[in-house]
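Heads up: the structure comes next, in structure tokens.
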Amino acid sequence: MENIEALREEVLAEIEKAADLQALEDVRISALGKKGRITGLMKNLGQMDPDQRREFGQTLNTVKDQVAEAIETRKSGLEDAALNARLVGERIDVTLPSRMDETAGRIHPISQTMDEIISIFGEMGFALAEGPDVEDDFHNFTALNIPPEHPAREMQDTFYLPEQEDGSRLVLRTHTSPVQIRTMQSKTPPIRIIAPGRTYRSDSDMTHTPMFHQVEGLVIDKKTHMGHLKGCLLEFVKTYFELDEVPVRYRPSFFPFTEPSAEMDIGCSRKGGELKIGEGDDWLEILGCGMVHPRVLAACGLDPNEYQGFAFGMGIERIAMLKYGIPDLRTFFDTDLRWLKHYG
Ligand SMILES: Cc1ccc(OCc2nc(C(=O)N[C@H]3CCS(=O)(=O)C3)cs2)cc1
């Protein structure tokens, strides 16, 4: 029995000393394998008398279990150590700057502004509506109560495409209003849409480019009135400029497609050449708006006695210039990467 105890101590010591999984496996084979030292003792059982065999056998099984358990424990320890060694060796420091050249793409300020405005009105229940950039005379002018001799139809304002075979003239739309016309022709009220997109006017100076972006909105329902218009637009400017309160004022204006028409200003301060929205005693024009003219409703097949609506329109470049402090409109389209990196 003493030599079983001596062998147990010897094997347990070898297990503890095993420096890696292979060394441990070698100890296991040398102790418990077919020709192992513990297995070998089992062969002696045959020469013993029953009492001796029972006692020896129990002791031997106990030692086998203890050695097997010690091997498993040591194996788990070695596996954990091997895993930790890998984790340390293969650790990636995610805080290190990328080796990639940092010219990652950016969203253009115009796209950012449009997306934000669309999202704000989306939250207010407006659906996104789009339409063609090339429009016909009816959808871009006539249906909007813009009479034949109106200056907006002049060549110095509007881009005309070559005359069609039937003599009609197509234009590059001068506003996104045709989208609202098409919507009123195809959908039954209530209507709440926001119509963003490119618009074109034959203009070019520091505050005008031949192509620019607009977002217009339209609400058509029963008993809609100016209070709805003012509540809706106030909510928009508070959310867009991230202010709890924004002073606004409405100045009477004229657009053929709305009556009454107004321009909405927000309170701001320009002290020291720095523009601050929402405070001060100065004013900044943000958008135009008004109640949809009855003739426009009628042109789309809606009865002005049954339905009323309001509409508004804003220039995206103008809004983005305000929010991002961009001085020159033309820089939006210079594709200067330094500019895009700065404002993007
Ligand atoms: C059927 C329909 C009926 C009415 C509509 O009114 C859209 C409106 N737009 C304005 C307006 O002031 N727009 C300008 C703002 C700056 S801008 O980009 O130059 C164009 C006022 S009301 C539109 C569609």
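Letters A, B, ... go to the chains of the structure tokens in the order shown; residues in each chain start at 1; ligands are counted from 1 in the same order.
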
Around ligand 1, at most 6 Å away and counting only C-alpha atoms and all ligand atoms, which residues are there? Put them as a CSV table (one decimal) with N, CA, C and O atoms, in the first residue's frame, please.
```
chain,number,residue,atom,x,y,z
A,177,SER,N,-43.2,72.7,-56.2
A,177,SER,CA,-44.7,72.8,-56.1
A,177,SER,C,-45.4,71.8,-57.0
A,177,SER,O,-46.5,71.3,-56.7
A,180,GLN,N,-46.7,68.8,-55.4
A,180,GLN,CA,-48.0,69.0,-54.6
A,180,GLN,C,-49.2,68.9,-55.5
A,180,GLN,O,-50.2,68.3,-55.2
A,181,ILE,N,-49.0,69.5,-56.7
A,181,ILE,CA,-50.1,69.5,-57.7
A,181,ILE,C,-50.4,68.0,-58.1
A,181,ILE,O,-51.6,67.6,-58.0
A,214,GLN,N,-34.9,72.8,-52.7
A,214,GLN,CA,-36.0,73.4,-51.9
A,214,GLN,C,-36.7,72.2,-51.2
A,214,GLN,O,-36.6,71.1,-51.5
A,216,GLU,N,-40.7,71.9,-49.9
A,216,GLU,CA,-42.0,72.5,-49.8
A,216,GLU,C,-42.9,71.5,-49.0
A,216,GLU,O,-42.7,70.3,-49.1
A,257,PHE,N,-49.9,81.3,-55.7
A,257,PHE,CA,-50.5,80.1,-55.3
A,257,PHE,C,-51.0,80.0,-53.9
A,257,PHE,O,-51.6,79.0,-53.4
A,258,THR,N,-50.9,81.1,-53.2
A,258,THR,CA,-51.4,81.2,-51.8
A,258,THR,C,-52.1,82.5,-51.5
A,258,THR,O,-51.7,83.5,-52.1
A,287,LEU,N,-38.7,81.3,-44.5
A,287,LEU,CA,-39.5,80.6,-45.5
A,287,LEU,C,-40.7,81.4,-45.9
A,287,LEU,O,-41.0,82.4,-45.3
A,288,GLY,N,-41.4,81.0,-47.0
A,288,GLY,CA,-42.6,81.6,-47.4
A,288,GLY,C,-43.7,80.6,-47.2
A,288,GLY,O,-43.5,79.4,-47.2
A,289,CYS,N,-44.9,81.1,-47.0
A,289,CYS,CA,-46.1,80.2,-46.7
A,289,CYS,C,-47.4,80.9,-47.1
A,289,CYS,O,-47.4,82.1,-47.5
A,290,GLY,N,-48.5,80.2,-46.9
A,290,GLY,CA,-49.8,80.8,-47.1
A,290,GLY,C,-50.8,79.7,-47.2
A,290,GLY,O,-50.5,78.5,-47.2
A,292,VAL,N,-53.5,77.7,-49.3
A,292,VAL,CA,-53.5,77.4,-50.7
A,292,VAL,C,-54.7,78.1,-51.4
A,292,VAL,O,-55.8,78.1,-50.9
A,311,ALA,N,-49.6,75.8,-47.3
A,311,ALA,CA,-48.4,75.3,-47.9
A,311,ALA,C,-47.2,76.2,-47.5
A,311,ALA,O,-47.5,77.4,-47.0
A,312,PHE,N,-46.0,75.7,-47.6
A,312,PHE,CA,-44.8,76.5,-47.3
A,312,PHE,C,-43.7,76.1,-48.2
A,312,PHE,O,-43.7,75.0,-48.8
A,313,GLY,N,-42.7,76.9,-48.3
A,313,GLY,CA,-41.5,76.6,-49.1
A,313,GLY,C,-40.3,77.2,-48.5
A,313,GLY,O,-40.4,78.3,-48.0
A,314,MET,N,-39.2,76.5,-48.5
A,314,MET,CA,-37.9,77.0,-48.0
A,314,MET,C,-36.8,76.6,-48.9
A,314,MET,O,-36.8,75.5,-49.5
A,315,GLY,N,-35.8,77.4,-49.0
A,315,GLY,CA,-34.6,77.1,-49.8
A,315,GLY,C,-33.6,76.4,-48.8
A,315,GLY,O,-33.2,76.9,-47.8
```

Where does DSSP see alpha helix (DSSP H) in segment 155-275 of chain A, if you list the residues as number ranges by chain?
-> A: 177-186, 226-240

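For Leu275 of chain A, the set of protein, DNA and RNA residues having any atom at most 9 Å away, when counting only C-alpha atoms and skipping those fewer than 5 positions along the same chain, is Cys268, Ser269, Arg270, Leu322 and Gly325 of chain A.
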
Can those selected residues be exported to a file as a JSON list (two decimals), in the first residue's frame so that it contains C-alpha atoms?
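So selection21.json came out as:
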```
[["chain", "number", "residue", "atom", "x", "y", "z"],
["A", 268, "CYS", "CA", -31.91, 86.40, -34.15],
["A", 269, "SER", "CA", -28.96, 88.50, -33.12],
["A", 270, "ARG", "CA", -26.15, 89.50, -35.45],
["A", 322, "LEU", "CA", -27.73, 79.80, -41.56],
["A", 325, "GLY", "CA", -22.48, 79.65, -41.01]]
```

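The gap separating atom CA of Pro189 of chain A from atom CA of Glu123 of chain A is 19.2 Å, in Å to one decimal.
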
Got a sec: who's within 9 Å of Leu21 of chain A, counting only C-alpha atoms, leaving out chain neighbours fewer than 4 positions off, as a list in words?
-> Glu25, Asp26, Arg74, Lys75, Leu78 and Glu79 of chain A

The residue from A:Ala85, A:Ala298, A:Ile4, A:Ile117 with the smallest atom-to-atom distance to Gly217 of chain A, counting only C-alpha atoms, is A:Ile117

Across A:Arg251, A:Val219, A:Ala143, A:Glu235, the smallest distance to Gly301 of chain A, with only C-alpha atoms counted, is shown by A:Ala143

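Remark: for Arg249 of chain A, the closest of the candidate residues A:Gly227, A:Leu87, A:Lys341, A:Leu284 is A:Leu284 (distances computed over only C-alpha atoms).
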
Using only C-alpha atoms, determine which residues lie at most 12 Å from Gly131 of chain A, disregarding the query and same-chain residues fewer than 6 positions distant; provide the list as a list of chain:residue names.
-> A:His139, A:Asn140, A:Leu172, A:Arg173, A:His175, A:Thr176, A:Ser177, A:Pro178, A:Val179, A:Gln180, A:Ile181, A:Arg182, A:Thr183, A:Ile194, A:Ala195, A:Pro196, A:Gly197, A:Arg198, A:Thr199

What would the file look like if the residues just selected were written as a PDB file, in the first residue's frame with N, CA, C and O atoms?
```
ATOM      1  N   HIS A 139     -48.249  71.844 -64.732  1.00  0.00           N
ATOM      2  CA  HIS A 139     -47.900  71.506 -63.345  1.00  0.00           C
ATOM      3  C   HIS A 139     -46.966  72.535 -62.711  1.00  0.00           C
ATOM      4  O   HIS A 139     -46.985  72.725 -61.487  1.00  0.00           O
ATOM      5  N   ASN A 140     -46.118  73.181 -63.542  1.00  0.00           N
ATOM      6  CA  ASN A 140     -45.153  74.130 -62.966  1.00  0.00           C
ATOM      7  C   ASN A 140     -45.704  75.551 -62.863  1.00  0.00           C
ATOM      8  O   ASN A 140     -45.264  76.326 -62.026  1.00  0.00           O
ATOM      9  N   LEU A 172     -37.386  72.994 -66.813  1.00  0.00           N
ATOM     10  CA  LEU A 172     -36.793  72.466 -65.579  1.00  0.00           C
ATOM     11  C   LEU A 172     -37.593  73.128 -64.457  1.00  0.00           C
ATOM     12  O   LEU A 172     -37.688  74.363 -64.418  1.00  0.00           O
ATOM     13  N   ARG A 173     -38.179  72.318 -63.573  1.00  0.00           N
ATOM     14  CA  ARG A 173     -39.107  72.904 -62.583  1.00  0.00           C
ATOM     15  C   ARG A 173     -38.423  74.015 -61.776  1.00  0.00           C
ATOM     16  O   ARG A 173     -37.254  73.895 -61.406  1.00  0.00           O
ATOM     17  N   HIS A 175     -39.655  75.162 -58.953  1.00  0.00           N
ATOM     18  CA  HIS A 175     -39.927  74.893 -57.527  1.00  0.00           C
ATOM     19  C   HIS A 175     -40.421  73.456 -57.434  1.00  0.00           C
ATOM     20  O   HIS A 175     -40.618  72.804 -58.476  1.00  0.00           O
ATOM     21  N   THR A 176     -40.605  72.962 -56.230  1.00  0.00           N
ATOM     22  CA  THR A 176     -41.103  71.569 -56.117  1.00  0.00           C
ATOM     23  C   THR A 176     -42.622  71.573 -56.001  1.00  0.00           C
ATOM     24  O   THR A 176     -43.235  70.518 -55.828  1.00  0.00           O
ATOM     25  N   SER A 177     -43.243  72.744 -56.202  1.00  0.00           N
ATOM     26  CA  SER A 177     -44.714  72.819 -56.112  1.00  0.00           C
ATOM     27  C   SER A 177     -45.430  71.835 -57.045  1.00  0.00           C
ATOM     28  O   SER A 177     -46.487  71.300 -56.685  1.00  0.00           O
ATOM     29  N   PRO A 178     -44.909  71.545 -58.246  1.00  0.00           N
ATOM     30  CA  PRO A 178     -45.605  70.588 -59.122  1.00  0.00           C
ATOM     31  C   PRO A 178     -45.840  69.234 -58.452  1.00  0.00           C
ATOM     32  O   PRO A 178     -46.794  68.531 -58.754  1.00  0.00           O
ATOM     33  N   VAL A 179     -44.953  68.912 -57.480  1.00  0.00           N
ATOM     34  CA  VAL A 179     -45.143  67.623 -56.782  1.00  0.00           C
ATOM     35  C   VAL A 179     -46.453  67.659 -55.995  1.00  0.00           C
ATOM     36  O   VAL A 179     -47.221  66.691 -55.970  1.00  0.00           O
ATOM     37  N   GLN A 180     -46.715  68.829 -55.375  1.00  0.00           N
ATOM     38  CA  GLN A 180     -47.967  68.951 -54.611  1.00  0.00           C
ATOM     39  C   GLN A 180     -49.181  68.887 -55.547  1.00  0.00           C
ATOM     40  O   GLN A 180     -50.205  68.311 -55.217  1.00  0.00           O
ATOM     41  N   ILE A 181     -49.024  69.514 -56.722  1.00  0.00           N
ATOM     42  CA  ILE A 181     -50.127  69.469 -57.699  1.00  0.00           C
ATOM     43  C   ILE A 181     -50.428  68.019 -58.068  1.00  0.00           C
ATOM     44  O   ILE A 181     -51.589  67.557 -58.034  1.00  0.00           O
ATOM     45  N   ARG A 182     -49.377  67.286 -58.415  1.00  0.00           N
ATOM     46  CA  ARG A 182     -49.565  65.889 -58.797  1.00  0.00           C
ATOM     47  C   ARG A 182     -50.185  65.084 -57.660  1.00  0.00           C
ATOM     48  O   ARG A 182     -51.027  64.210 -57.859  1.00  0.00           O
ATOM     49  N   THR A 183     -49.782  65.405 -56.427  1.00  0.00           N
ATOM     50  CA  THR A 183     -50.345  64.670 -55.279  1.00  0.00           C
ATOM     51  C   THR A 183     -51.830  64.995 -55.115  1.00  0.00           C
ATOM     52  O   THR A 183     -52.658  64.105 -54.916  1.00  0.00           O
ATOM     53  N   ILE A 194     -44.383  66.363 -47.686  1.00  0.00           N
ATOM     54  CA  ILE A 194     -43.203  67.217 -47.736  1.00  0.00           C
ATOM     55  C   ILE A 194     -42.508  66.874 -49.055  1.00  0.00           C
ATOM     56  O   ILE A 194     -42.378  65.692 -49.408  1.00  0.00           O
ATOM     57  N   ALA A 195     -42.187  67.882 -49.830  1.00  0.00           N
ATOM     58  CA  ALA A 195     -41.640  67.654 -51.187  1.00  0.00           C
ATOM     59  C   ALA A 195     -40.274  68.314 -51.298  1.00  0.00           C
ATOM     60  O   ALA A 195     -40.172  69.520 -51.558  1.00  0.00           O
ATOM     61  N   PRO A 196     -39.204  67.540 -51.066  1.00  0.00           N
ATOM     62  CA  PRO A 196     -37.844  68.079 -51.230  1.00  0.00           C
ATOM     63  C   PRO A 196     -37.352  67.831 -52.654  1.00  0.00           C
ATOM     64  O   PRO A 196     -37.866  66.936 -53.347  1.00  0.00           O
ATOM     65  N   GLY A 197     -36.358  68.590 -53.066  1.00  0.00           N
ATOM     66  CA  GLY A 197     -35.776  68.242 -54.363  1.00  0.00           C
ATOM     67  C   GLY A 197     -35.035  69.390 -55.007  1.00  0.00           C
ATOM     68  O   GLY A 197     -34.954  70.497 -54.485  1.00  0.00           O
ATOM     69  N   ARG A 198     -34.449  69.079 -56.166  1.00  0.00           N
ATOM     70  CA  ARG A 198     -33.710  70.083 -56.934  1.00  0.00           C
ATOM     71  C   ARG A 198     -34.682  70.974 -57.681  1.00  0.00           C
ATOM     72  O   ARG A 198     -35.723  70.505 -58.152  1.00  0.00           O
ATOM     73  N   THR A 199     -34.322  72.253 -57.767  1.00  0.00           N
ATOM     74  CA  THR A 199     -35.117  73.189 -58.565  1.00  0.00           C
ATOM     75  C   THR A 199     -34.148  74.057 -59.357  1.00  0.00           C
ATOM     76  O   THR A 199     -32.964  74.145 -59.014  1.00  0.00           O
TER      77      THR A 199
END
```

When distances are computed from only C-alpha atoms, which of A:Asn305, A:Asp203, A:Leu337, A:Leu32 shows the smallest separation from Ala68 of chain A?
-> A:Leu32

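For the choices A:Leu161, A:Lys223, A:Phe236, A:Phe332, the atom-to-atom distance to Ile118 of chain A is smallest for A:Phe236 when using only C-alpha atoms.
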
In Å, rounded to a single decimal, give me how far atom CA of Pro147 of chain A is from atom CA of Thr174 of chain A.
-> 15.0 Å

Do you know which residues are at most 12 Å from Glu5 of chain A counting only C-alpha atoms, after dropping those on the same chain fewer than 5 positions away, and could you put them as a PyMOL selection string?
-> chain A and resi 10-12+38+56+59-60+62-64+66-67
